[in-house]
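Student: Contents of work.pdb (PDB, C-alpha atoms) are below:
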ATOM      1  CA  MET O  56       0.000   0.000   0.000
ATOM      2  CA  ARG O  57       2.831   2.373   0.833
ATOM      3  CA  ALA O  58       4.380   1.743  -2.571
ATOM      4  CA  ILE O  59       1.169   2.811  -4.300
ATOM      5  CA  ILE O  60       0.944   5.985  -2.236
ATOM      6  CA  LEU O  61       4.593   6.801  -2.954
ATOM      7  CA  ALA O  62       4.100   6.154  -6.673
ATOM      8  CA  VAL O  63       1.061   8.440  -6.799
ATOM      9  CA  MET O  64       2.905  11.152  -4.877
ATOM     10  CA  ALA O  65       5.887  10.864  -7.221
ATOM     11  CA  MET O  66       3.650  11.331 -10.247
ATOM     12  CA  MET O  67       1.913  14.443  -8.928
ATOM     13  CA  PRO O  68       4.761  16.907  -9.691
ATOM     14  CA  SER O  69       5.099  15.554 -13.231
ATOM     15  CA  VAL O  70       1.383  16.087 -13.850
ATOM     16  CA  ALA O  71       1.654  19.642 -12.556
ATOM     17  CA  MET O  72       4.732  20.227 -14.722
ATOM     18  CA  ALA O  73       2.899  18.878 -17.776
ATOM     19  CA  ASP O  74       0.060  21.325 -17.105
ATOM     20  CA  ASP O  75       2.585  24.176 -16.779
ATOM     21  CA  ILE O  76       4.192  23.218 -20.083
ATOM     22  CA  LYS O  77       0.807  22.968 -21.796
ATOM     23  CA  ASP O  78      -0.200  26.392 -20.472
ATOM     24  CA  ALA O  79       3.151  27.915 -21.497
ATOM     25  CA  HIS O  80       2.736  26.451 -24.987
ATOM     26  CA  ARG O  81      -0.746  27.933 -25.265
ATOM     27  CA  GLN O  82       0.580  31.336 -24.201
ATOM     28  CA  ALA O  83       3.487  31.133 -26.674
ATOM     29  CA  VAL O  84       1.093  30.317 -29.519
ATOM     30  CA  ALA O  85      -1.193  33.178 -28.472
ATOM     31  CA  GLY O  86       1.822  35.526 -28.391
ATOM     32  CA  ARG O  87       2.856  34.363 -31.852
ATOM     33  CA  ASP O  88      -0.638  34.916 -33.220
ATOM     34  CA  THR O  89      -0.862  38.390 -31.708
ATOM     35  CA  TYR O  90       2.506  39.335 -33.203
ATOM     36  CA  TRP O  91       1.611  37.949 -36.624
ATOM     37  CA  ASN O  92      -1.727  39.794 -36.584
ATOM     38  CA  CYS O  93       0.058  43.035 -35.761
ATOM     39  CA  LEU O  94       2.522  42.480 -38.624
ATOM     40  CA  ALA O  95      -0.422  41.746 -40.923
ATOM     41  CA  ARG O  96      -1.979  45.085 -39.983
ATOM     42  CA  GLU O  97       1.296  46.803 -40.880
ATOM     43  CA  TYR O  98       1.379  44.948 -44.193
ATOM     44  CA  SER O  99      -2.133  45.978 -45.140
ATOM     45  CA  ARG O 100      -1.902  49.678 -44.309
ATOM     46  CA  GLY O 101      -2.663  51.802 -47.335
ATOM     47  CA  SER O 102       0.133  54.236 -46.519
ATOM     48  CA  ASN O 103       2.706  51.503 -47.176
ATOM     49  CA  LYS O 104       1.786  51.024 -50.829
ATOM     50  CA  GLY O 105       4.306  53.555 -52.114
ATOM     51  CA  MET O 106       7.178  52.332 -49.938
ATOM     52  CA  SER O 107      10.233  50.618 -51.283
ATOM     53  CA  GLY O 108      11.062  47.130 -50.042
ATOM     54  CA  GLN O 109      13.952  48.566 -48.044
ATOM     55  CA  ASP O 110      11.724  51.170 -46.369
ATOM     56  CA  PHE O 111       9.093  48.546 -45.580
ATOM     57  CA  THR O 112      11.783  46.293 -44.112
ATOM     58  CA  ALA O 113      12.852  49.099 -41.778
ATOM     59  CA  LEU O 114       9.220  49.762 -40.864
ATOM     60  CA  VAL O 115       8.573  46.116 -40.015
ATOM     61  CA  ALA O 116      11.758  45.864 -37.953
ATOM     62  CA  GLY O 117      10.434  48.537 -35.612
ATOM     63  CA  ALA O 118       6.753  47.640 -35.759
ATOM     64  CA  CYS O 119       4.763  46.002 -32.989
ATOM     65  CA  PRO O 120       7.348  46.317 -30.191
ATOM     66  CA  SER O 121       5.101  45.203 -27.333
ATOM     67  CA  GLU O 122       3.680  42.264 -29.290
ATOM     68  CA  ARG O 123       7.178  41.243 -30.362
ATOM     69  CA  GLN O 124       8.493  41.363 -26.797
ATOM     70  CA  ASN O 125       5.493  39.467 -25.442
ATOM     71  CA  PHE O 126       6.008  36.738 -28.060
ATOM     72  CA  ARG O 127       9.714  36.555 -27.204
ATOM     73  CA  VAL O 128       9.068  36.248 -23.460
ATOM     74  CA  MET O 129       6.287  33.668 -23.860
ATOM     75  CA  LEU O 130       8.352  31.548 -26.261
ATOM     76  CA  VAL O 131      11.443  31.633 -24.034
ATOM     77  CA  ASP O 132       9.280  30.705 -21.044
ATOM     78  CA  TYR O 133       7.801  27.753 -22.914
ATOM     79  CA  LEU O 134      11.165  26.560 -24.200
ATOM     80  CA  SER O 135      12.670  26.855 -20.717
ATOM     81  CA  LEU O 136       9.954  24.598 -19.325
ATOM     82  CA  GLN O 137      10.015  22.173 -22.241
ATOM     83  CA  PHE O 138      13.822  21.912 -22.361
ATOM     84  CA  PRO O 139      15.081  22.887 -18.896
ATOM     85  CA  SER O 140      18.566  21.495 -19.425
ATOM     86  CA  ASP O 141      19.212  23.669 -22.487
ATOM     87  CA  ASP O 142      21.021  26.967 -22.100
ATOM     88  CA  THR O 143      18.743  30.005 -21.753
ATOM     89  CA  GLY O 144      20.791  31.745 -24.440
ATOM     90  CA  ALA O 145      19.764  29.030 -26.886
ATOM     91  CA  HIS O 146      16.104  29.679 -26.070
ATOM     92  CA  ILE O 147      16.549  33.408 -26.615
ATOM     93  CA  THR O 148      18.269  32.724 -29.931
ATOM     94  CA  THR O 149      15.382  30.487 -30.980
ATOM     95  CA  ALA O 150      12.853  33.179 -30.068
ATOM     96  CA  ASN O 151      14.818  35.847 -31.936
ATOM     97  CA  ASP O 152      15.034  33.546 -34.964
ATOM     98  CA  ALA O 153      11.242  33.047 -34.883
ATOM     99  CA  ILE O 154      10.745  36.824 -34.794
ATOM    100  CA  ALA O 155      13.191  37.361 -37.652
ATOM    101  CA  SER O 156      11.419  34.667 -39.664
ATOM    102  CA  ALA O 157       8.025  36.327 -39.147
ATOM    103  CA  GLN O 158       9.429  39.673 -40.244
ATOM    104  CA  LYS O 159      11.087  38.101 -43.277
ATOM    105  CA  GLU O 160       7.807  36.453 -44.326
ATOM    106  CA  VAL O 161       5.908  39.742 -44.163
ATOM    107  CA  VAL O 162       8.605  41.628 -46.072
ATOM    108  CA  THR O 163       8.817  38.879 -48.710
ATOM    109  CA  ALA O 164       5.037  39.006 -49.200
ATOM    110  CA  PHE O 165       5.189  42.802 -49.510
ATOM    111  CA  VAL O 166       7.991  42.708 -52.089
ATOM    112  CA  ARG O 167       6.303  39.979 -54.124
ATOM    113  CA  HIS O 168       2.960  41.768 -54.063
ATOM    114  CA  LYS O 169       4.612  45.024 -55.103
ATOM    115  CA  ALA O 170       6.454  43.324 -57.984
ATOM    116  CA  ALA O 171       3.270  41.563 -59.159
ATOM    117  CA  SER O 172       1.309  44.801 -59.223
ATOM    118  CA  LYS O 173       3.757  46.511 -61.582
TER     119      LYS O 173
END
Take the structure in the file and write it out as C-alpha cells.
Tutor:
Amino acid sequence: MRAIILAVMAMMPSVAMADDIKDAHRQAVAGRDTYWNCLAREYSRGSNKGMSGQDFTALVAGACPSERQNFRVMLVDYLSLQFPSDDTGAHITTANDAIASAQKEVVTAFVRHKAASK
C-alpha cells in the first residue's frame, strides 16, 4: 500500500509540470498569433503602398514592439519549461530567430505583391 501511495505522490509533480508546459505552450502560440496579426496590420496599411522594399523592411523591424516582446518572453518561457537542461541563451536565440522569420515572411510578401502589381 505504501508503494502505491509513494508512486502516486511521485507522479503528482510531473502532472503539474505537464500542465505548466501545456499552459506555457498555449501562451506562446497566443503571443505568436498576436505578433503575426500586428505584422499583418502593418502589411495591409494603405500608406505603405508607395514604400520601397527597403523602407518597408525598416518599418517592419520597428513595428509592434510590445507584441514582439510578449512573443519573445512567452516563447522563451515555454522553451525553458520544455527543455530545462538547455542553455537560456539558446532559447533566446530560438525566439529571436522566430521573430526574424516572421518579419522576413511579411517583407517577402510585400515585395512579391509590389512586384506583381507593376
Student: When the PyMOL selection byres ((chain O and resi 79) around 8) is applied to the file above, which residues end up in the set, as a JSON list (two decimals) with C-alpha atoms, in the coordinates of the input?
Tutor:
[["chain", "number", "residue", "atom", "x", "y", "z"],
["O", 75, "ASP", "CA", 2.58, 24.18, -16.78],
["O", 76, "ILE", "CA", 4.19, 23.22, -20.08],
["O", 77, "LYS", "CA", 0.81, 22.97, -21.80],
["O", 78, "ASP", "CA", -0.20, 26.39, -20.47],
["O", 80, "HIS", "CA", 2.74, 26.45, -24.99],
["O", 81, "ARG", "CA", -0.75, 27.93, -25.26],
["O", 82, "GLN", "CA", 0.58, 31.34, -24.20],
["O", 83, "ALA", "CA", 3.49, 31.13, -26.67],
["O", 129, "MET", "CA", 6.29, 33.67, -23.86],
["O", 130, "LEU", "CA", 8.35, 31.55, -26.26],
["O", 132, "ASP", "CA", 9.28, 30.70, -21.04],
["O", 133, "TYR", "CA", 7.80, 27.75, -22.91],
["O", 136, "LEU", "CA", 9.95, 24.60, -19.32]]
Student: Rank nothing, just name the residue among O:Leu114, O:Ala85, O:Met106, O:Leu94 nearest to Val166 of chain O, using only C-alpha atoms.
Tutor: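 Selected residue with least distance to Val166 of chain O: O:Met106.
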Student: Which of these residues is nearest to Ala118 of chain O, using only C-alpha atoms: O:Ala171, O:Val84, O:Ala157, O:Ile147?
Tutor: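 So, comparing all the options, the nearest one is O:Ala157.
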Student: Between atom CA of Ser172 of chain O and atom CA of Gly117 of chain O, what is the spacing in Å?
Tutor: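 Between these atoms lies a distance of 25.6 Å.
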Student: List the spatial neighbours of Ala116 of chain O as a list in words - criterion: any atom at most 12 Å away, all atoms listed in the file, same-chain residues fewer than 2 positions off excluded.
Tutor: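 Counting all atoms listed in the file, the residues come to Leu94, Glu97, Gln109, Asp110, Phe111, Thr112, Ala113, Leu114, Ala118, Cys119, Pro120, Arg123, Ile154, Ala155, Ser156, Ala157, Gln158, Lys159, Val161 and Val162 of chain O.
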Student: List as a list of chain:residue names the protein and nucleic acid residues near Tyr90 of chain O, meaning an atom at most 7 Å away when all atoms listed in the file are counted, but skip any in the same chain fewer than 2 places from it.
Tutor: O:Gly86, O:Arg87, O:Asp88, O:Asn92, O:Cys93, O:Leu94, O:Glu122, O:Arg123, O:Phe126
